[in-house]
Structures are given as C-alpha cells and as structure tokens.
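Notes to accompany the following structure.
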Amino acid sequence: MKKIILLLFVTSPVWGQQLTDLTVEKIMRDPKWMGVSPSEAFWSEDSKTVYFNWNPTNAAGDSLYAISIANKVPQKVSPKARRSLPSVNGSYSKSFTKKVYEKYGDIFLLDIPTNKNIKISNTIDREFAPRFSQDESKIFFTSGNNLYSWTISSGAFSQLTDFRKDKKKGESKTTAQEEWLKQDQLAHMQILKERSENKKAAEKINKANRPDRPHIIYLNEQSVDHLMVSPNENFITYRITKEAKDAKSTIVPNYVTESGFTEDIPGRTKVGVNLDTYEFWIYDIKGDTTYRINTDGIPGITDKPDYVKDYPNKPSKENTTRPVVINGPYWSDDGKNNFVVVRAADNKDRWIMSLDLQTRQLKNLDRQRDEAWIGGPGIGYSLSAGNSGWLGDNKRIWFQSEETGYSHLYTVDITNGKKQSITSGSYEVQTAQLSKDKKYFYITTNEVHPGEKHFYKISVDGGKAEQLTTTSGGHQVVLSPDEKWMADLYSYSNKPWELFLTENKTKGKSDQITKSTSSEFNSYPWKDPEIITFKARDGAEVYARLYQPKALVNKGPAVIFVHGAGYLQNAHKWWSSYFREYMFHNMLVDKGYTVIDVDYRGSAGYGRDWRTGIYRFMGGKDLTDQIDAAKLLVDKYNVDSKRIGVYGGSYGGFITLMGLFTTPDVFAAGAALRPVTDWAHYNHGYTSNILNLPYTDSIAYAKSSPIYHAEGLKGALLICHGMVDTNVNFQDAVRLSQRLIELGKDNWELAVYPMENHGFVEPSSWTDEYKRIFKLSEDNLKP
C-alpha cells in the first residue's frame with residue numbers, strides 16, 4: 001500500500017478518557033471501549049459499493065455500512081435496504097451477468113446489468129444450493145431430500161428425484177396353497193376372471209396416461225446430500241450418510257438458569273466414537289437405475305498407518321478398504337470433464353480423481369498421503385473438498401497441496417495427467433481465487449515473512465507473482481467483481497483492523513476509509529512487540545513475539561504466553577485475535593515483566609512439518625519450544641530462571657499443565673485456563689488427527705494427557721474454567737481436581753465461572769480471571 005490518503009471525514013470515536021496506567025479492570029471492560037473495527041467487507045455486484053460491518057458510535061451492536069467508489073463516505077445502511085441486498089454467496093452464469101442465490105431459505109435470480117431480481121421460490125421449507133444448468137436455461141436447487149429444477153423462460157418447476165427416508169415395503173408373498181386357490185378361482189369363475197382382466201387393463205391405461213415421475217429411492221432411514229445433475233442431465237449423483245449408532249454424547253449441566261432448576265446442555269461426542277459412514281451413488285435417469293461407486297480400486301485404499309507397527313500384538317485385518325468421503329463432482333465449463341475430491345476417513349489420504357458416470361469408474365489424478373494427517377491452508381478438513389476448480393481450457397484442474405511441505409498451488413491436466421506447480425518456496429499460499437477470465441490467480445501468502453500476509457496476482461501458468469499490497473502487517477483483501485479495486489482490511493501488531501480502498505495494481509493509490517479506535521485507546525503508547533527467532537534444541541527456527549520493559553531489570557521476572565487452538569499463529573505483525581492478552585502483556589511489561597509469546601510446534605503459518613510436529617505427542621516439541629524460550633530469556637534477556645511463569649487458554653492451558661507437571665523446575669507458577677486435561681475426553685475431529693484413537697494408539701494418549709503426569713506438580717497452579725464449556729468440558733477440570741486431591745497436592749486452586757462457555761463473554765469474568773493470573777504472577781515471580 002502506497003500513497004495512503006487519510007480522508008477528512010475519518011475521525012476517531014471520542015468517548016472515554018486518557019489511558020495512563022494500565023489495570024486489569026481497564027483492559028477487560030467491554031471491548032467497545034477500544035472502538036470497533038470494521039469487518040466482513042463485501043462488494044455490490046456492479047463493483048460500485050463496498051459494504052462492511054462497523055460500529056463507530058459505540059452502539060449495542062454492529063451495523064451495516066457502505067461506501068461508494070465515487071465519494072468514499074461511509075453511510076449506514078437502513079434495515080430495509082439491507083434486507084433487499086443479494087446474498088454474498090451464490091452461483092454465476094458463465095458470462096457473470098446473472099447470479100442465482102439463496103436468501104432466507106428462498107431462491108432468487110439476479111440480472112446483474114439491470115439489477116432486476118426475481119424471487120423464484122416462496123415456501124416455508126428451505127430451498128438451497130441453487131446453480132445453473134449447463135445451457136443456463138434452468139436452475140437446479142435442493143429442498144428437503146430432493147432435487148428440483150426451474151425453467152427460466154416458462155417458470156415451470158419439476159421434481160427430479162424422489163428420495164424417501166423410510167424403508168421400502170416388501171410385497172407380501174403368497175404360499176403355494178394361496179396361489180393354487182387363486183388360479184383355480186380364475187379358471188372356474190368367468191365373471192371373476194373378466195373383472196381381473198379389466199382391472200389390469202385399466203391400470204395399464206392409467207399408468208400410460210400418468211405424467212412421468214422420478215424414480216422412488218428409499219433411504220432406509222439414512223440421509224442424502226450433495227445432489228448434482230450432470231451437464232447432459234442424464235445422471236444425478238448423490239451421497240448417502242449412514243448415521244452412526246450408539247454415538248454417546250456428553251451432557252453439560254447448566255446451574256444458573258432462568259427456571260431455577262439445573263438444566264442439561266447437549267454436548268459433543270468424545271474421540272473414538274462410532275462415526276457416520278458415507279456412500280456415493282449415481283442415478284441413471286434414462287436407465288432408471290441407481291449404482292453405488294466402488295472405492296476398492298482407489299490407489300492405497302488399504303494402506304495402514306505407520307503407527308500400527310508400535311502394536312505388533314494387536315490383530316489387524318489385511319487389505320481392508322478404508323472408509324472415504326467423496327465430494328463433487330465438479331464439472332468443467334464445457335460440461336465434458338469432472339473431478340471429485342476423495343478424503344480417507346482416517347484423514348491420512350486425499351485423492352483428486354475423475355469419475356466416469358457411464359462406467360462408474362474412478363481415475364486417480366493426484367494423491368497426497370500424510371502419515372500424520374492431511375491439512376494446511378486451502379486443503380480443508382477431513383470432510384471438505386478444499387480449494388480447487390477448473391482453468392479456462394477445461395482440461396486443467398487447480399488445487400492446493402502440501403506435497404513439498406508447504407501449501408502451494410498446482411494444476412493437473414485431466415487428459416494426460418501432467419502436473420505443474422504454480423507457486424513454490426518455503427512459505428504458504430493461504431488463500432487463492434481464480435480471476436474471472438481464468439488467466440490469473442489472486443493469492444494471499446506469507447512469502448515476505450511468516451508473520452505478514454500480502455495479496456498477489458500470478459499467471460495460471462506460473463511465473464513471478466505481482467505483489468499488490470506492501471505495507472507491513474496483515475491484509476485481508478476482498479476483490480471487486482470487476483477486479484479493479486481491493487477492499488483491504490489491514491492491521492498491524494499495535495493497530496487494530498481498518499478498511500482501506502485500494503486500486504488493484506502495483507503501488508496503487510490507497511484511501512483509508514475508517515478510523516475506529518477511540519481516543520482513550522489512542523492515548524496509550526501500545527507496544528510493537530519484536531518478532532524474534534531462536535533455535536530450538538533440535539535446530540528448528542522458532543518465531544516468537546517479545547515484549548521487554550523499557551528499564552531492563554537485572555534478573556527480572558518473565559511470563560510465557562501459550563496461544564490456544566494449537567493450529568493458530570500469534571507471532572505475527574497484524575492485530576491479534578488475542579487482543580485482551582496483548583493489552584495484558586503491555587501491562588505486565590509496564591510492571592517490569594518480560595513477556596514472550598511463542599509460535600510453538602503445531603502452530604499455523606510455517607508449513608507441514610511445523611503443523612504436524614505434535615503428531616502422537618502433544619506436550620512434546622510444543623512444550624520443549626516453551627522450555628527453550630525460557631532458556632533464551634535467561635541467557636539473552638537477563639531473566640531470573642527461578643522467576644518464570646507460564647499461562648494460556650485451551651491448548652495453551654494444556655501446555656501450561658504439561659509444563660508444570662513434566663518440567664516442574666522450569667516454571668515457578670502457571671495459569672491453565674479451560675485446559676484439556678485428558679485427550680481421550682476431547683472431540684474426535686481434532687484429537688484423532690493428532691493422536692489417532694485411544695484404543696488403537698494408547699501410547700500417544702498416555703504421553704500427551706496431563707492427568708497422567710499430575711504427580712510432578714511443584715509450582716503454584718491456577719486453573720480457571722467455565723462451567724458451561726461445551727468445547728473443553730468442565731469435566732476436564734473436575735477430573736484433574738480429583739486427581740490432585742488424591743495426590744495430596746496443596747499448591748493449586750480452581751476458579752469456576754458458572755455462566756461462561758469456552759470463550760468468555762462477560763467483562764466481569766475476564767476481569768476476575770486476569771486479576772487472579774496477575775496475582776499469581778505477583779505472588780510467585782516477584783521478590
């Protein structure tokens with residue numbers, strides 16, 4: 001971003017007062033005291049208006065605002081005007097002159113040049129997933145379990161499928177005796193015989209006169225989704241889900257209720273539960289027949305994971321076809337080619353394949369295997385297709401893969417299997433979209449620095465990318481439909497997100513549209529933490545945020561903050577989602593603490609090996625990265641090795657426990673906020689990727705769960721947990737408490753928050769929690 005022009009109408013909210021000394025009470029107020037940043041920017045279809053959520057007046061909630069390209073003055077959008085706007089999502093015609101979309105459960109067709117909108121459906125049921133037919137004469141959409149079409153010229157509706165949830169009723173069988181009696185009656189009773197023949201003739205006539213109806217497909221109490229019509233309209237593909245039985249869920253008691261009674265909140269399942277299974281089917285319309293796609297021939301479908309070698313005495317079936325999930329098919333614009341994305345249920349494989357609907361055969365185009373788990377930017381989770389599509393030649397598929405260790409863009413030619421890398425290097429492509437003319441990709445990467453996000457343009461044939469943003473920090477760009485402008489949500493380490501309008505070209509002029517921070521927030525000199533690197537014990541380069549007091553204290557105290565989620569990045573140069581913690585760290589530094597915030601193994605932004613560095617051992621390298629950071633503080637930043645504390649929430653709370661339990665001489669105190677204490681009690685999707693299953697890889701769970709190591713506790717421990725946490729259940733804190741009681745530990749305390757879920761909401765809860773963390777630090781890390 002160059003030539004930034006601050007427009008005169010952009011002024012800071014003025015409420016509040018001067019912020020001098022930071023306190024927990026001031027920091028943890030309702031975040032609106034800081035000013036509310038713009039968010040969720042999107043464009044009008046004619047590229048003349050940018051819409052965004054904003055709250056410059058400190059109202060109860062955000063409102064929708066808009067600016068026009070002509071004058072760039074934000075205006076609040078009325079509720080009536082907001083309701084009339086088309087949905088951001090939808091499907092476009094090939095010429096991008098029409099858009100079909102769902103809004104409020106109904107289907108709309110927008111003519112973009114005239115802005116004329118037609119409401120196609122108006123029912124109490126939800127209609128969804130609309131898309132154009134190959135010749136764009138019809139619109140297909142789903143309602144309930146079935147697929148429908150709407151003819152644009154006539155407005156005629158047709159039902160294309162007849163899926164029924166129940167089981168098909170079998171015809172009653174007659175015994176030999178009953179059949180003999182029937183034939184004997186017809187042979188000797190002439191009137192009876194004539195009536196029978198007339199009935200059959202009438203049924204034949206009625207059947208011939210009835211309009212065609214879709215074939216009835218019984219689901220046998222299963223569910224159906226992903227209904228797609230082939231371009232030639234001869235086939236319908238669909239996916240059937242067989243819901244798992246006996247999948248027991250947790251229950252979260254809610255003690256503070258309007259009724260005055262304890263009420264149960266339905267929870268989630270635990271890792272290792274029976275999972276839903278999926279089948280992919282083809283309905284041949286002309287042949288009036290359904291076929292299930294056989295996945296036995298997928299390359300590597302029977303491969304076993306490497307970790308089973310650690311259990312030689314456990315029996316395992318040979319050549320067992322692993323369950324898969326199939327997404328697609330996704331068709332080329334000319335309707336001649338398709339591809340599907342196949343994901344193994346154990347998430348160790350992803351295949352990109354073509355599917356011949358006539359022969360029902362799958363052909364492999366690309367296989368990505370990961371002995372840990374498939375993941376990374378643009379690749380998606382176990383049930384998703386990830387970021388992929390067709391190039392304009394209708395022969396090449398584009399997709400993202402971690403084949404080289406970093407998520408990059410690739411193409412593969414469906415006609416000859418030739419694969420080409422479009423981007424490469426030790427950085428990640430974090431977002432990607434194809435230009436309308438399908439000649440370029442617009443991508444967001446961290447090529448400049450792992451802690452920066454910039455927007456680029458690159459040819460679909462590869463080559464040097466053109467960098468379109470330059471200002472250091474994070475850029476979340478939404479491109480205008482005509483691709484002439486960028487709505488750029490930009491922030492820096494100590495500057496919250498603001499909206500800029502920038503020309504889509506190198507060194508394009510950029511206008512700042514919003515200035516959202518309050519005068520009170522602006523009155524404090526928020527620190528720009530230094531992004532540093534240090535060598536871990538295994539030689540890996542670790543990135544971290546470092547906060548140092550102005551007046552360095554000889555042998556001073558330090559706090560290590562451990563971010564949550566595991567797969568998340570916080571040692572970066574944009575405004576952190578951990579903004580409360582960022583402000584708390586400013587306060588700690590003002591009081592003489594050194595603070596370090598480490599992007600440990602398992603964090604996002606550093607490629608596949610970093611992402612999977614915690615496989616089968618959470619509390620391994622992710623913890624030693626914290627310990628190596630503590631050593632760095634002692635060796636380089638004059639910190640007292642006996643005065644180091646650690647804290648974090650969720651995954652950060654888990655690491656805090658593992659640090660205090662397994663390396664008790666490193667940390668004098670720690671605060672574990674809403675921590676996982678036993679991974680066998682966490683959810684399936686997250687945990688099974690990293691630790692496999694408790695009953696197939698018990699070694700991984702024993703090494704990784706704090707509850708098995710609690711006897712090592714020496715330092716002071718604070719546990720804080722919301723009692724209605726539906727993510728990391730409060731049960732985790734309760735079970736660990738019982739373990740600590742039985743071990744006779746007396747240097748710990750548990751603070752409970754009866755009305756808080758995993759992410760705290762109430763300022764009073766945030767204040768109480770962080771006052772306790774600060775007191776823990778003052779009591780144990782200060783002389």
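Quick note on naming: the chains in the structure tokens go A, B, ... in the order shown, residues restart at 1 in each chain, and ligands are numbered from 1 in order of appearance.
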Please list as a ChimeraX atom specification every residue within 12 Å of A:Gly155, counting only C-alpha atoms and excluding residues in the same chain fewer than 5 positions away. /A:109,118-121,137-139,149-150
Quick one: residues within 12 Å of A:Thr321, only C-alpha atoms, excluding same-chain residues fewer than 5 positions away - as a list in words? Asn294, Thr295, Asp296, Gly297, Ile298, Pro299, Gly300, Ile301, Thr302, Asp303, Lys304, Ala344, Ala345 and Asp346 of chain A
For the selection you just gave me, I'd like the residues written to a file as a short mmCIF file (atom, residue, chain, number, x, y, z; two decimals), in the first residue's frame, keeping N, CA, C and O atoms.
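File written: result-v4.cif
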data_model
loop_
_atom_site.label_atom_id
_atom_site.label_comp_id
_atom_site.auth_asym_id
_atom_site.auth_seq_id
_atom_site.Cartn_x
_atom_site.Cartn_y
_atom_site.Cartn_z
N ASN A 294 -17.89 -47.92 -6.33
CA ASN A 294 -16.99 -48.83 -5.63
C ASN A 294 -15.65 -48.15 -5.43
O ASN A 294 -15.03 -47.67 -6.39
N THR A 295 -15.17 -48.09 -4.20
CA THR A 295 -13.91 -47.41 -3.88
C THR A 295 -12.76 -48.38 -3.63
O THR A 295 -11.66 -47.95 -3.27
N ASP A 296 -12.98 -49.67 -3.86
CA ASP A 296 -11.93 -50.66 -3.57
C ASP A 296 -10.69 -50.46 -4.43
O ASP A 296 -9.59 -50.85 -4.03
N GLY A 297 -10.85 -49.85 -5.62
CA GLY A 297 -9.71 -49.72 -6.53
C GLY A 297 -8.92 -48.43 -6.37
O GLY A 297 -7.98 -48.18 -7.15
N ILE A 298 -9.27 -47.60 -5.40
CA ILE A 298 -8.52 -46.36 -5.20
C ILE A 298 -7.09 -46.70 -4.78
O ILE A 298 -6.89 -47.51 -3.86
N PRO A 299 -6.08 -46.10 -5.41
CA PRO A 299 -4.68 -46.42 -5.06
C PRO A 299 -4.39 -46.17 -3.58
O PRO A 299 -4.66 -45.08 -3.07
N GLY A 300 -3.87 -47.18 -2.90
CA GLY A 300 -3.50 -47.05 -1.50
C GLY A 300 -4.66 -47.11 -0.53
O GLY A 300 -4.49 -46.83 0.65
N ILE A 301 -5.84 -47.52 -0.98
CA ILE A 301 -7.02 -47.50 -0.12
C ILE A 301 -6.90 -48.47 1.05
O ILE A 301 -7.54 -48.29 2.08
N THR A 302 -6.06 -49.49 0.92
CA THR A 302 -5.90 -50.46 2.01
C THR A 302 -4.64 -50.19 2.85
O THR A 302 -4.33 -50.97 3.75
N ASP A 303 -3.92 -49.10 2.56
CA ASP A 303 -2.69 -48.81 3.30
C ASP A 303 -2.98 -48.58 4.77
O ASP A 303 -3.93 -47.88 5.13
N LYS A 304 -2.12 -49.14 5.60
CA LYS A 304 -2.25 -48.97 7.05
C LYS A 304 -1.32 -47.84 7.50
O LYS A 304 -0.26 -47.62 6.92
N ALA A 344 -9.92 -39.83 2.87
CA ALA A 344 -9.99 -41.01 3.73
C ALA A 344 -10.54 -40.60 5.09
O ALA A 344 -10.22 -39.52 5.60
N ALA A 345 -11.36 -41.47 5.68
CA ALA A 345 -11.97 -41.16 6.97
C ALA A 345 -10.92 -41.00 8.06
O ALA A 345 -11.13 -40.26 9.03
N ASP A 346 -9.77 -41.68 7.92
CA ASP A 346 -8.70 -41.51 8.92
C ASP A 346 -7.86 -40.27 8.64
O ASP A 346 -6.92 -39.98 9.37
#
Any idea what's packed within 12 Å of stretch 195-210 of chain A, counting only C-alpha atoms, ignoring anything in its chain fewer than 6 positions away? Could you give it as a ChimeraX atom specification? /A:182-183,185-187,189
Could you give me the residues within stretch 631-768 of chain A that DSSP places in alpha helix (DSSP H), as a ChimeraX atom specification? /A:631-636,651-662,684-691,698-704,731-742,763-768
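When atom CA of A:Gln134 is paired with atom CA of A:Ile397, their separation reads 18.6 Å.
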Just the strand (DSSP E or B) stuff from stretch 21-109 of chain A, please, per backbone DSSP, written as a VMD selection string. chain A and resid 36 to 43 49 to 55 63 to 68 75 to 76 91 to 92 98 to 103 106 to 109
Tell me, as a VMD selection string, which residues lie within 12 Å of A:Glu279, counting only C-alpha atoms; anything in the same chain fewer than 4 positions away does not count. chain A and resid 219 222 to 226 237 to 243 291 to 295 323 to 327 342
Who sits within 7 Å of A:Ser480, only C-alpha atoms, same chain under 6 positions skipped, as a ChimeraX atom specification: /A:43,47,486
With N, CA, C and O atoms retained, write the just-selected residues as a compact mmCIF listing (two decimals), in the first residue's frame.
# COMPACT_ATOMS: atom_id res chain seq x y z
N TRP A 43 -18.71 -6.68 -1.68
CA TRP A 43 -18.97 -5.73 -2.76
C TRP A 43 -20.38 -5.89 -3.33
O TRP A 43 -20.94 -7.00 -3.32
N SER A 47 -19.78 -3.52 -8.59
CA SER A 47 -18.45 -3.04 -8.18
C SER A 47 -18.44 -1.57 -7.81
O SER A 47 -17.36 -0.95 -7.74
N MET A 486 -9.60 -3.17 -4.57
CA MET A 486 -9.43 -4.07 -3.43
C MET A 486 -10.01 -3.40 -2.19
O MET A 486 -9.60 -2.28 -1.84
Fewer than 3 positions away in the same chain doesn't count, so skip those; otherwise give me all residues within 6 Å of stretch 54-60 of chain A, counting only C-alpha atoms, as a ChimeraX atom specification. /A:36,38,63
Restricting it to N, CA, C and O atoms, dump the selection as a PDB file, in the first residue's frame.
ATOM      1  N   VAL A  36     -14.630  -0.151  17.672  1.00  0.00           N
ATOM      2  CA  VAL A  36     -14.947  -1.413  16.998  1.00  0.00           C
ATOM      3  C   VAL A  36     -14.465  -1.353  15.552  1.00  0.00           C
ATOM      4  O   VAL A  36     -14.869  -0.481  14.781  1.00  0.00           O
ATOM      5  N   PRO A  38     -13.940  -2.358  11.568  1.00  0.00           N
ATOM      6  CA  PRO A  38     -14.814  -2.880  10.511  1.00  0.00           C
ATOM      7  C   PRO A  38     -14.517  -4.354  10.256  1.00  0.00           C
ATOM      8  O   PRO A  38     -13.412  -4.837  10.541  1.00  0.00           O
ATOM      9  N   SER A  63     -23.528  -2.414  12.865  1.00  0.00           N
ATOM     10  CA  SER A  63     -24.488  -2.160  11.806  1.00  0.00           C
ATOM     11  C   SER A  63     -23.785  -2.298  10.458  1.00  0.00           C
ATOM     12  O   SER A  63     -22.556  -2.294  10.385  1.00  0.00           O
TER      13      SER A  63
END
Given only C-alpha atoms, how would the per-residue table for stretch 635-728 of chain A near stretch 360-380 of chain A read, listing every residue at most 12 Å away with its closest atom pair and distance in Å to one decimal, sorted by chain and number, as CSV?
residue,atom,partner,partner_atom,distance
A:Gly685,CA,A:Trp373,CA,11.2
A:Tyr686,CA,A:Trp373,CA,10.5
A:Thr687,CA,A:Trp373,CA,10.9
A:Ser688,CA,A:Trp373,CA,9.2
A:Asn689,CA,A:Trp373,CA,5.6
A:Ile690,CA,A:Ala372,CA,6.8
A:Leu691,CA,A:Ala372,CA,8.8
A:Asn692,CA,A:Ala372,CA,8.9
Selection from above, all heavy atoms, as a PDB file, in the first residue's frame, can you write it?
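New file again-v3.pdb:
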ATOM      1  N   GLY A 685     -12.872 -35.022  15.836  1.00  0.00           N
ATOM      2  CA  GLY A 685     -12.272 -34.425  14.655  1.00  0.00           C
ATOM      3  C   GLY A 685     -10.882 -33.885  14.888  1.00  0.00           C
ATOM      4  O   GLY A 685      -9.971 -34.093  14.077  1.00  0.00           O
ATOM      5  N   TYR A 686     -10.692 -33.188  15.990  1.00  0.00           N
ATOM      6  CA  TYR A 686      -9.391 -32.595  16.301  1.00  0.00           C
ATOM      7  C   TYR A 686      -8.404 -33.643  16.808  1.00  0.00           C
ATOM      8  O   TYR A 686      -7.285 -33.773  16.314  1.00  0.00           O
ATOM      9  CB  TYR A 686      -9.580 -31.497  17.355  1.00  0.00           C
ATOM     10  CG  TYR A 686      -8.313 -30.777  17.752  1.00  0.00           C
ATOM     11  CD1 TYR A 686      -7.908 -29.627  17.087  1.00  0.00           C
ATOM     12  CD2 TYR A 686      -7.523 -31.232  18.802  1.00  0.00           C
ATOM     13  CE1 TYR A 686      -6.747 -28.955  17.442  1.00  0.00           C
ATOM     14  CE2 TYR A 686      -6.360 -30.572  19.164  1.00  0.00           C
ATOM     15  CZ  TYR A 686      -5.984 -29.432  18.487  1.00  0.00           C
ATOM     16  OH  TYR A 686      -4.828 -28.778  18.854  1.00  0.00           O
ATOM     17  N   THR A 687      -8.831 -34.400  17.791  1.00  0.00           N
ATOM     18  CA  THR A 687      -7.904 -35.272  18.504  1.00  0.00           C
ATOM     19  C   THR A 687      -7.446 -36.458  17.676  1.00  0.00           C
ATOM     20  O   THR A 687      -6.266 -36.839  17.722  1.00  0.00           O
ATOM     21  CB  THR A 687      -8.560 -35.777  19.810  1.00  0.00           C
ATOM     22  OG1 THR A 687      -9.265 -34.699  20.429  1.00  0.00           O
ATOM     23  CG2 THR A 687      -7.509 -36.315  20.762  1.00  0.00           C
ATOM     24  N   SER A 688      -8.344 -37.056  16.905  1.00  0.00           N
ATOM     25  CA  SER A 688      -7.977 -38.256  16.155  1.00  0.00           C
ATOM     26  C   SER A 688      -6.932 -37.962  15.088  1.00  0.00           C
ATOM     27  O   SER A 688      -6.142 -38.835  14.728  1.00  0.00           O
ATOM     28  CB  SER A 688      -9.217 -38.888  15.517  1.00  0.00           C
ATOM     29  OG  SER A 688      -9.801 -38.004  14.572  1.00  0.00           O
ATOM     30  N   ASN A 689      -6.929 -36.744  14.558  1.00  0.00           N
ATOM     31  CA  ASN A 689      -5.885 -36.373  13.602  1.00  0.00           C
ATOM     32  C   ASN A 689      -4.501 -36.472  14.220  1.00  0.00           C
ATOM     33  O   ASN A 689      -3.554 -36.950  13.590  1.00  0.00           O
ATOM     34  CB  ASN A 689      -6.100 -34.936  13.120  1.00  0.00           C
ATOM     35  CG  ASN A 689      -7.130 -34.832  12.016  1.00  0.00           C
ATOM     36  OD1 ASN A 689      -7.433 -35.811  11.346  1.00  0.00           O
ATOM     37  ND2 ASN A 689      -7.671 -33.653  11.823  1.00  0.00           N
ATOM     38  N   ILE A 690      -4.385 -36.006  15.451  1.00  0.00           N
ATOM     39  CA  ILE A 690      -3.071 -35.836  16.072  1.00  0.00           C
ATOM     40  C   ILE A 690      -2.640 -37.080  16.853  1.00  0.00           C
ATOM     41  O   ILE A 690      -1.467 -37.474  16.809  1.00  0.00           O
ATOM     42  CB  ILE A 690      -3.086 -34.599  16.994  1.00  0.00           C
ATOM     43  CG1 ILE A 690      -3.536 -33.363  16.202  1.00  0.00           C
ATOM     44  CG2 ILE A 690      -1.715 -34.361  17.614  1.00  0.00           C
ATOM     45  CD1 ILE A 690      -3.795 -32.133  17.049  1.00  0.00           C
ATOM     46  N   LEU A 691      -3.584 -37.698  17.549  1.00  0.00           N
ATOM     47  CA  LEU A 691      -3.223 -38.823  18.433  1.00  0.00           C
ATOM     48  C   LEU A 691      -3.845 -40.148  17.991  1.00  0.00           C
ATOM     49  O   LEU A 691      -3.732 -41.135  18.714  1.00  0.00           O
ATOM     50  CB  LEU A 691      -3.665 -38.522  19.873  1.00  0.00           C
ATOM     51  CG  LEU A 691      -3.043 -37.286  20.538  1.00  0.00           C
ATOM     52  CD1 LEU A 691      -3.582 -37.128  21.961  1.00  0.00           C
ATOM     53  CD2 LEU A 691      -1.523 -37.374  20.563  1.00  0.00           C
ATOM     54  N   ASN A 692      -4.482 -40.177  16.817  1.00  0.00           N
ATOM     55  CA  ASN A 692      -5.193 -41.379  16.365  1.00  0.00           C
ATOM     56  C   ASN A 692      -6.329 -41.689  17.336  1.00  0.00           C
ATOM     57  O   ASN A 692      -6.990 -40.775  17.796  1.00  0.00           O
ATOM     58  CB  ASN A 692      -4.199 -42.531  16.166  1.00  0.00           C
ATOM     59  CG  ASN A 692      -3.109 -42.144  15.159  1.00  0.00           C
ATOM     60  OD1 ASN A 692      -3.407 -41.710  14.057  1.00  0.00           O
ATOM     61  ND2 ASN A 692      -1.841 -42.259  15.559  1.00  0.00           N
TER      62      ASN A 692
END
Near A:Arg213, within 10 Å and counting only C-alpha atoms, which residues show up once chain neighbours fewer than 4 positions away are dropped, as a list in words? Ser158, Gln159, Leu160, Thr161 and Asp162 of chain A
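Across A:Gly335, A:Gly613, A:Gly144, A:Pro529, the tightest approach to A:Pro231 is made by A:Gly335 when counting only C-alpha atoms.
Of the listed residues A:Asn387, A:Gln75, A:Thr123, A:Ser650, the one whose atoms come nearest to A:Ile719 is A:Ser650, with distances taken using only C-alpha atoms.
Put simply, atom CA of A:Pro130 is 14.2 Å away from atom CA of A:Ser230.
In terms of minimum interatomic distance to A:Glu447, A:Val429 ranks closest within A:Ala41, A:Val429, A:Val553, A:Leu357, counting only C-alpha atoms.
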